[in-house]
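Down below is the structure, laid out as structure tokens.
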Amino acid sequence: MSFVTVDNVFQSYGTRPILERVSVEVKEGEFISIVGASGCGKSTFLRLLLAQETPSRGEIRVAGQPPAREPGLDRGVVFQKYSVFPHMTVRENVVAGESLRRPWGRFFGKEKVEARKRADETLARIGLDHVADAYPATLSGGMQQRLAIGQALAARPRILLLDEPFGALDPGTRLSMHDFLQDLRRDTGMTVFMVTHDLSEGFKLGDRVLVFDKPRWDPHDPNAYGATITYDFDARNGGIPYQTIEEDTHVLRPA
Amino acid sequence: MSFVTVDNVFQSYGTRPILERVSVEVKEGEFISIVGASGCGKSTFLRLLLAQETPSRGEIRVAGQPPAREPGLDRGVVFQKYSVFPHMTVRENVVAGESLRRPWGRFFGKEKVEARKRADETLARIGLDHVADAYPATLSGGMQQRLAIGQALAARPRILLLDEPFGALDPGTRLSMHDFLQDLRRDTGMTVFMVTHDLSEGFKLGDRVLVFDKPRWDPHDPNAYGATITYDFDARNGGIPYQTIEEDTHVLRPA
Amino acid sequence: QEKTEFRVAWSIYVGWMPWGYLDDSGIMDKWAEKYGIDVEIVQINDYVESINQYTAGAFDGVTATNMDTLSIPSGGGVDTTALIVGDFSNGNDAVILKGEGGLADLAGKPVNLVELSVSHYLLARALDSAGLSEADLAGVINTSDADMIAAYATDDVQAVVTWNPLVSAIMEEPGANKLFDSSDIPGEIIDLMVVNTETLAANPDFGKALVGAWYEVMGLMAAGDEAVLTEMAEASGTDLDGYKSQLASTQMFYDPAEAVAFTQGAELPSTMVTVAEFLFDKGILGEGAPSADFVGISYPDGSTTGDANNVTFRFDTTYMQMAADGAL
Amino acid sequence: MRWINRRPGAALAAFLALVPFALALAAYMIGSDMRLAVNPSDKLLPAPSSIVDTALRLFTEPDRRSGRILLWHDTLASLQRLALGVGISAGLATAFGLLIGLLPHVRATLAGFVGVLSMIPPLAVLPILFIVFGLGELSKVVLIVIGILPFLIRDLSQRVLEIPREMIVKAETLGASTSVIALRVALPQLMPRLLQAVRLSLGPAWLFLIAAEAIASDQGLGYRIFLVRRYLAMDVILTYVAWITLLAVIMDLALRALSRRAFRWTETAL
Amino acid sequence: MRWINRRPGAALAAFLALVPFALALAAYMIGSDMRLAVNPSDKLLPAPSSIVDTALRLFTEPDRRSGRILLWHDTLASLQRLALGVGISAGLATAFGLLIGLLPHVRATLAGFVGVLSMIPPLAVLPILFIVFGLGELSKVVLIVIGILPFLIRDLSQRVLEIPREMIVKAETLGASTSVIALRVALPQLMPRLLQAVRLSLGPAWLFLIAAEAIASDQGLGYRIFLVRRYLAMDVILTYVAWITLLAVIMDLALRALSRRAFRWTETAL
Ligand SMILES: Nc1ncnc2c1ncn2[C@@H]1O[C@H](COP(=O)(O)OP(=O)(O)OP(=O)(O)O)[C@@H](O)[C@H]1O
Ligand SMILES: Nc1ncnc2c1ncn2[C@@H]1O[C@H](COP(=O)(O)OP(=O)(O)OP(=O)(O)O)[C@@H](O)[C@H]1O
Ligand SMILES: [Mg+2]
Ligand SMILES: [Mg+2]
């Protein structure tokens with residue numbers, strides 16, 4: 001049964017079309033990698049999934065509900081940057097995952113003690129317990145992203161959206177983040193959409209890899225048409241489709 | 001005969017050692033890739049090569065000359081960002097590669113016409129002739145870096161230093177930049193030092209790959225010791241050493 | 001309407017320093033208590049601002065000259081009574097030339113003064129006496145009184161019109177040449193305590209308390225009480241000698257009877273007519289003013305000058321007379 | 001939907017933008033009505049209609065004495081002083097900003113001094129200015145310069161320091177000398193910041209202009225305001241204040257437009 | 001080596017920093033000497049020694065009339081007004097900055113109005129202020145508020161707008177309402193900017209304080225300066241100016257130190 005349904009979605013900014021005729025169905029618990037050339041609209045697609053923007057045409061439904069009008073508790077997100085609150089300590093950031101929905105954005109009394117205990121458990125799981133009282137700015141990039149994911153998960157969203165979460169990390173850190181993410185997925189069975197620039201990363205982590213590209217192309221006006229999903233690979237079988245794709249990477253090259 | 005001689009160089013900021021006992025000899029025309037964990041001092045090493053900073057101990061000589069005290073015409077450089085002048089058009093940027101050494105930083109009269117002609121040739125070679133009058137901000141990241149390299153080469157330096165020149169580009173653009181750089185090198189036979197985060201890129205482009213890492217490690221004070229060159233691979237033989245190295249990548253993982 | 005709390009504004013000037021003293025010394029409180037009211041005396045640095053505030057209704061009374069009373073509150077439709085005629089300038093205001101010469105030498109020179117103030121009036125009278133008019137000057141340049149001394153020290157300035165204590169400070173400079181001063185037009189620049197006519201009518205006790213307190217201090221000053229004078233001198237930023245020399249060019253009415261006599265004198269109406277004409281000539285009486293007679297002024301004997309149907313400036317000797325009679 | 005995510009449509013936004021102006025006007029009219037009911041010749045809050053009359057008169061009728069339309073005359077005088085003061089400050093600030101931002105020795109010498117200078121309240125040292133610069137046009141221009149120059153220098157030298165070191169190093173590797181770096185790299189990149197800083201300092205510049213004109217002058221917008229204060233001609237004052245505000249808004253918009261025009265290179269890609 | 005790459009050592013830097021102060025002092029002393037040689041009782045540029053005498057007297061000797069040391073008394077009065085004015089402005093600006101920066105409807109309503117308000121020269125509308133707010137402490141505080149509030153609101157609402165949208169979206173996905181976003185996400189991030197904006201506006205705040213005290217007051221630093229200006233008592237004026245400058249420098253340093261202390265999270269990693 002389809003959990004996330006994207007139905008013939010168009011998005012334009014002003015008169016400029018970015019996405020065209022995007023349709024896709026995703027089952028609960030699937031891990032979807034999204035790849036495509038720079039500027040082709042991957043982040044835009046994620047913003048639509050997040051309900052941060054409303055599509056010009058078409059609609060996106062989650063679990064059969066009417067389309068959401070703004071971001072909310074059911075969708076968690078991690079961006080490449082700015083995904084943790086710099087003015088909160090690491091522990092406060094995790095507690096914020098649960099407390100921001102409260103009227104004052106805080107827990108008080110007993111609840112507070114309990115939330116801190118739960119936060120400390122989460123921190124232990126994501127390996128950040130030794131820096132619980134530090135501020136994010138003092139953490140390495142990899143630790144910051146780990147915290148951002150931990151915080152998003154603390155809110156128990158039904159879908160997790162990742163926009164190039166490891167784009168700014170060096171390869172070593174990146175590999176350990178892959179392990180981290182795979183472990184988490186095993187534990188939670190969450191539905192995940194992840195935008196990445198790195199094809200091998202997309203195939204390694206994803207169950208499916210969606211490729212965004214412009215199917216039509218006007219050489220006199222490169223912005224005349226929008227992008228859509230041109231390939232939808234089954235990536236469960238380890239790295240094998242990656243080899244197949246290699247021959248097709250010209251679609252990823254910028255014009 | 002050694003062209004660039006790095007002799008037992010140490011560099012510290014304040015009391016914090018960054019580089020220790022770095023020695024290496026490079027022949028004219030070699031392409032040196034430099035890899036290492038984030039923050040281990042790769043950019044610092046490049047700054048020392050550039051003479052932007054003076055080492056705390058040891059010295060760096062080029063072509064047997066006394067150590068340079070500040071950056072000059074003999075060393076060209078391209079950084080990940082900010083390597084072109086945003087207030088000059090693409091053509092002016094290339095002309096600047098020749099004209100900035102003049103008293104007013106400009107050419108006048110006949111010289112100016114000739115410089116523009118030479119610049120247009122360079123632009124044709126680096127494939128930017130169609131955007132000669134555009135400002136860099138309107139160019140894609142790949143085109144900006146191509147321009148930065150073209151500008152650096154216009155000054156005819158003896159050494160070219162590249163600090164993660166392709167770090168911000170997507171994989172497709174990156175591949176075409178590799179071709180571009182390899183073509184240029186074939187034509188000019190320049191001595192190149194390139195810092196990269198991407199091992200395969202380092203091995204693909206470089207004749208030698210230098211790995212920076214901390215050989216000594218104090219678990220109570222991770223900043224107690226500096227990094228040095230731990231491996232110096234011969235990378236001329238295509239991708240083969242890459243396979244060998246794969247097993248050693250733990251040295252690149254952050255602690 | 002009747003009330004028990006009153007606010008009176010004053011600004012620093014030789015003849016008004018007693019207001020500061022009677023506030024500090026408690027004399028005001030004593031008299032206010034006697035009449036069962038409360039009077040707050042507020043010092044305001046900026047003289048024009050104090051009159052504007054009074055005109056806007058923030059104060060029940062204010063210290064002002066006859067000329068400024070006519071132009072601001074009375075011209076602005078606020079019916080105002082001159083409760084106390086404290087003094088007239090008798091040399092306190094002066095036209096000063098840098099270097100040798102007479103009034104005739106002002107022709108073709110710029111003159112620095114506070115425009116539209118009594119200094120401007122004094123200049124007009126001085127030029128009149130020499131058969132000149134403002135058009136014969138190279139211009140008048142509005143210059144803040146606070147900066148008059150510094151201005152005089154610059155080479156740009158050739159002549160100034162100003163008042164004390166600035167006059168005495170400028171006269172100390174070598175080469176300062178006094179051409180004309182208010183002793184040449186005695187009784188024309190009059191320093192008053194004016195109050196709102198309606199407020200006074202509804203609250204005679206307010207008038208009595210102010211006048212009573214004032215003349216108690218006048219008595220002390222007339223007796224030459226050095227402690228009192230020193231305090232006033234220091235409040236005005238100078239010392240006893242300086243203050244005494246300023247007083248010398250001020251015709252203080254220490255005795256209420258003298259003030260009454262002056263106010264009832266025959267000169268006052270003609271002075272006020274001259275002042276009104278000067279103001280009209282400068283456009284100060286406002287665009288609504290068809291002529292210099294637009295504002296009516298009444299005198300103790302019941303006579304008026306100007307528009308008798310628009311009397312907003314009243315010279316009233318009732319309360320000063322009470323003081324003279326010892327009836328307070 | 002959260003208020004944070006709701007956006008007014010174009011029509012509603014235009015309407016909302018007018019609301020505070022309408023409210024301010026209404027408040028004034030009520031206040032004015034109340035005072036005029038008590039005293040019909042009250043000068044403090046003249047009726048809007050009489051302000052409009054006065055404004056028309058000020059803008060069109062020549063002065064009886066001089067035969068000139070004073071408002072235009074005052075405007076010209078003030079704008080001249082303002083332009084001179086701001087222009088000189090901008091020029092000096094650019095030079096000092098470059099020197100302080102680029103050269104460590106100059107920075108060590110002047111940064112602290114300029115910092116302290118910027119803390120001195122300029123109005124308090126007016127008498128000294130008069131003596132040194134006289135009472136003429138010069139002293140008014142100088143007051144503006146003294147009032148805004150330290151801020152401009154601090155701002156611009158900060159901006160020069162913010163130029164990425166990479167870009168300066170790049171210029172060095174192209175053989176640029178210090179003066180070429182200053183003229184060809186730092187200066188052009190400073191220009192948009194200069195316009196921005198000038199926009200920011202126009203407010204204080206007006207303030208100092210008015211203060212200077214209030215103290216010693218025979219023409220100018222500030223002169224007139226402080227002169228007519230002597231007979232509480234609020235209709236004139238309000239007209240002048242509105243006019244000054246309009247001039248300031250126009251200048252601000254013009255500088256913004258100029259900045260967009262002149263520095264196309266600051267615009268990023270589509 | 002290019003001058004751009006030469007750095008003075010610590011000792012030389014300290015020496016260079018003193019040079020302009022020394023030069024300024026020397027220039028003053030020469031000017032003073034010249035004037036005093038011509039006229040020994042010249043008041044404009046008193047000899048440094050007599051300024052020091054006056055300063056000592058002002059700081060230590062009680063006034064004969066009131067028995068209070070006037071300078072301390074004035075300082076206290078002025079600082080109180082300044083603190084109130086700046087404090088109130090900072091509070092209002094934070095509230096309005098958050099509202100304008102976060103809510104599109106409020107932004108549509110107020111952004112233009114605040115922009116126009118910030119162009120009105122406050123000194124020109126002083127008379128109206130005094131009428132509306134009286135002549136007590138209130139009006140002085142209000143002049144400061146009116147003088148700096150529009151700038152603060154514009155600055156802070158801009159800063160709120162600059163908070164990365166990502167962060168606000170993240171808070172929304174954690175279920176935060178508009179008010180929680182304002183209080184828990186935007187407000188804490190605004191605080192360091194607020195301190196910075198307050199530092200910038202202290203200069204204008206002093207200006208308006210002095211202007212207000214010059215018109216209606218009987219104590220305060222600005223009052224005293226204007227009182228003695230009539231007599232050109234430059235020794236007193238210069239002492240007060242130096243004192244005000246010192247106070248301003250101290251406040252600036254204190255705010256900077258506070259900002260570093262209070263917002264440790266703004267510091268980046270080692
Ligand atoms: N709010 C907006 N208004 C107008 N144009 C926009 C807006 N957001 C994005 N765009 C444009 O839409 C296009 C797609 O942007 P998007 O960020 O979705 O690309 P992307 O695939 O995520 O690229 P990248 O790999 O660089 O992150 C880009 O050309 C961008 O300039
Ligand atoms: N000017 C400086 N003063 C003090 N510390 C510095 C300075 N420049 C760099 N460092 C520190 O020196 C270390 C090495 O920095 P460097 O930029 O050389 O690392 P890198 O290997 O290039 O890292 P990256 O891969 O992130 O670019 C870092 O920890 C950095 O914080
Ligand atoms: Mg994107
Ligand atoms: Mg680096």
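Convention: chains lettered A, B, ... in structure tokens order; per-chain residue numbering from 1; ligands numbered from 1 as shown.
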**Request:** Would you list the residues that come within 10 Å of ligand 3? Count only C-alpha atoms and all ligand atoms and give the answer as a ChimeraX atom specification.
**Result:** /A:36-47,79-80,163-164,195-197
**Asked** Tell me, how big is the Cα RMSD between chain A and chain B, fit done by least squares on all Cα paired in order?
**Response** 0.0 Å
**Request:** Select from region 128-225 of chain C everything DSSP, run on the backbone, classes as strand (DSSP E or B), then give the selection as a ChimeraX atom specification.
**Result:** /C:139-143,159-163,176-181,190-196
Any chance you could export the current selection's C-alpha atoms as an mmCIF file, in the first residue's frame?
data_model
loop_
_atom_site.group_PDB
_atom_site.id
_atom_site.type_symbol
_atom_site.label_atom_id
_atom_site.label_comp_id
_atom_site.auth_asym_id
_atom_site.auth_seq_id
_atom_site.Cartn_x
_atom_site.Cartn_y
_atom_site.Cartn_z
ATOM 1 C CA GLY C 139 22.343 90.446 6.856
ATOM 2 C CA VAL C 140 21.462 89.135 10.267
ATOM 3 C CA ILE C 141 22.757 85.706 11.167
ATOM 4 C CA ASN C 142 20.808 83.725 13.681
ATOM 5 C CA THR C 143 23.240 82.607 16.357
ATOM 6 C CA ALA C 159 29.083 92.682 15.253
ATOM 7 C CA VAL C 160 26.769 91.000 17.704
ATOM 8 C CA VAL C 161 23.644 91.898 19.620
ATOM 9 C CA THR C 162 23.125 89.952 22.794
ATOM 10 C CA TRP C 163 22.265 90.089 26.457
ATOM 11 C CA ALA C 176 34.850 95.097 21.913
ATOM 12 C CA ASN C 177 32.976 98.339 21.309
ATOM 13 C CA LYS C 178 29.486 98.818 22.756
ATOM 14 C CA LEU C 179 27.480 100.935 20.274
ATOM 15 C CA PHE C 180 24.047 100.918 21.771
ATOM 16 C CA ASP C 181 22.393 99.294 24.732
ATOM 17 C CA ILE C 190 10.596 94.342 30.259
ATOM 18 C CA ASP C 191 11.043 91.077 32.140
ATOM 19 C CA LEU C 192 7.813 89.597 33.429
ATOM 20 C CA MET C 193 6.261 86.678 35.186
ATOM 21 C CA VAL C 194 3.207 85.962 33.083
ATOM 22 C CA VAL C 195 0.418 83.586 33.972
ATOM 23 C CA ASN C 196 -2.618 82.197 32.277
#
**Prompt:** Quick one, how far is atom 5 (N, counted along the ligand's line) of ligand 2 from CA of Arg256 (chain E)?
**Reply:**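 Result for atom 5 (N, counted along the ligand's line) of ligand 2 versus CA of Arg256 (chain E): 22.8 Å, one decimal.
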**Prompt:** Which residue, D:Leu207, D:Val185, D:Leu238, D:Ala212, has the smallest gap to chain B when you use only C-alpha atoms?
**Reply:**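 When distances to chain B are compared using only C-alpha atoms, the smallest one comes from D:Val185.
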**Request:** May I have the residues within 8 Å of Val180 (chain D) as a ChimeraX atom specification, using only C-alpha atoms and disregarding those fewer than 3 positions away in the same chain?
**Result:** /B:100-101,103-105 /D:176-177,183-185
What are the residues of chain A that have an atom within 9 Å of an atom of chain D, counting only C-alpha atoms, as a short mmCIF file (atom, residue, chain, number, x, y, z; two decimals) with N, CA, C and O atoms, in the first residue's frame?
data_model
loop_
_atom_site.label_atom_id
_atom_site.label_comp_id
_atom_site.auth_asym_id
_atom_site.auth_seq_id
_atom_site.Cartn_x
_atom_site.Cartn_y
_atom_site.Cartn_z
N GLN A 52 6.80 22.59 3.18
CA GLN A 52 7.29 23.96 3.38
C GLN A 52 6.78 24.85 2.25
O GLN A 52 6.56 26.04 2.42
N ARG A 69 -0.32 21.54 4.92
CA ARG A 69 -0.13 22.91 4.45
C ARG A 69 1.13 23.56 5.01
O ARG A 69 1.53 24.63 4.58
N GLU A 70 1.72 22.95 6.00
CA GLU A 70 2.95 23.51 6.55
C GLU A 70 3.70 22.38 7.25
O GLU A 70 3.11 21.35 7.57
#
Skip Pro127 (chain D) itself and residues of its chain fewer than 4 positions away, then list as a PDB file with N, CA and C atoms, in the first residue's frame all residues within 9 Å of it, counting only C-alpha atoms.
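Just written: out09.pdb:
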ATOM      1  N   ASP C 147      26.138  79.890  22.177  1.00  0.00           N
ATOM      2  CA  ASP C 147      27.413  79.891  21.466  1.00  0.00           C
ATOM      3  C   ASP C 147      27.871  81.274  21.057  1.00  0.00           C
ATOM      4  N   ILE C 149      29.474  83.634  22.645  1.00  0.00           N
ATOM      5  CA  ILE C 149      30.838  84.047  23.002  1.00  0.00           C
ATOM      6  C   ILE C 149      31.852  83.382  22.078  1.00  0.00           C
ATOM      7  N   ALA C 150      31.646  82.097  21.853  1.00  0.00           N
ATOM      8  CA  ALA C 150      32.541  81.397  20.939  1.00  0.00           C
ATOM      9  C   ALA C 150      32.441  82.004  19.542  1.00  0.00           C
ATOM     10  N   ALA C 151      31.228  82.359  19.142  1.00  0.00           N
ATOM     11  CA  ALA C 151      31.044  82.946  17.814  1.00  0.00           C
ATOM     12  C   ALA C 151      31.788  84.268  17.716  1.00  0.00           C
TER      13      ALA C 151
ATOM     14  N   LEU D 123      28.487  67.438  19.554  1.00  0.00           N
ATOM     15  CA  LEU D 123      27.819  68.690  19.900  1.00  0.00           C
ATOM     16  C   LEU D 123      28.524  69.401  21.041  1.00  0.00           C
ATOM     17  N   ILE D 131      35.945  78.137  16.522  1.00  0.00           N
ATOM     18  CA  ILE D 131      37.177  78.892  16.509  1.00  0.00           C
ATOM     19  C   ILE D 131      38.073  78.421  15.374  1.00  0.00           C
ATOM     20  N   VAL D 132      38.175  77.102  15.243  1.00  0.00           N
ATOM     21  CA  VAL D 132      39.111  76.571  14.257  1.00  0.00           C
ATOM     22  C   VAL D 132      38.601  76.796  12.841  1.00  0.00           C
TER      23      VAL D 132
ATOM     24  N   LEU E  44      39.273  79.922  25.657  1.00  0.00           N
ATOM     25  CA  LEU E  44      38.895  78.891  24.707  1.00  0.00           C
ATOM     26  C   LEU E  44      39.730  77.629  24.835  1.00  0.00           C
ATOM     27  N   ARG E 229      28.526  76.672  28.844  1.00  0.00           N
ATOM     28  CA  ARG E 229      28.919  77.081  27.505  1.00  0.00           C
ATOM     29  C   ARG E 229      28.678  78.579  27.337  1.00  0.00           C
ATOM     30  N   LEU E 232      31.677  80.137  28.172  1.00  0.00           N
ATOM     31  CA  LEU E 232      32.842  79.582  27.520  1.00  0.00           C
ATOM     32  C   LEU E 232      33.835  79.020  28.529  1.00  0.00           C
ATOM     33  N   MET E 234      35.699  76.554  29.033  1.00  0.00           N
ATOM     34  CA  MET E 234      36.161  75.385  28.297  1.00  0.00           C
ATOM     35  C   MET E 234      36.834  74.364  29.205  1.00  0.00           C
TER      36      MET E 234
END
**Request:** Determine, counting only C-alpha atoms, which protein, DNA and RNA residues have an atom within 6 Å of an atom of region 151-160 of chain A; residues of the same chain fewer than 2 positions away are not included. Present the result as a PyMOL selection string.
**Result:** (chain A and resi 73-77+94+97-98+147-149+191-192) or (chain E and resi 174)
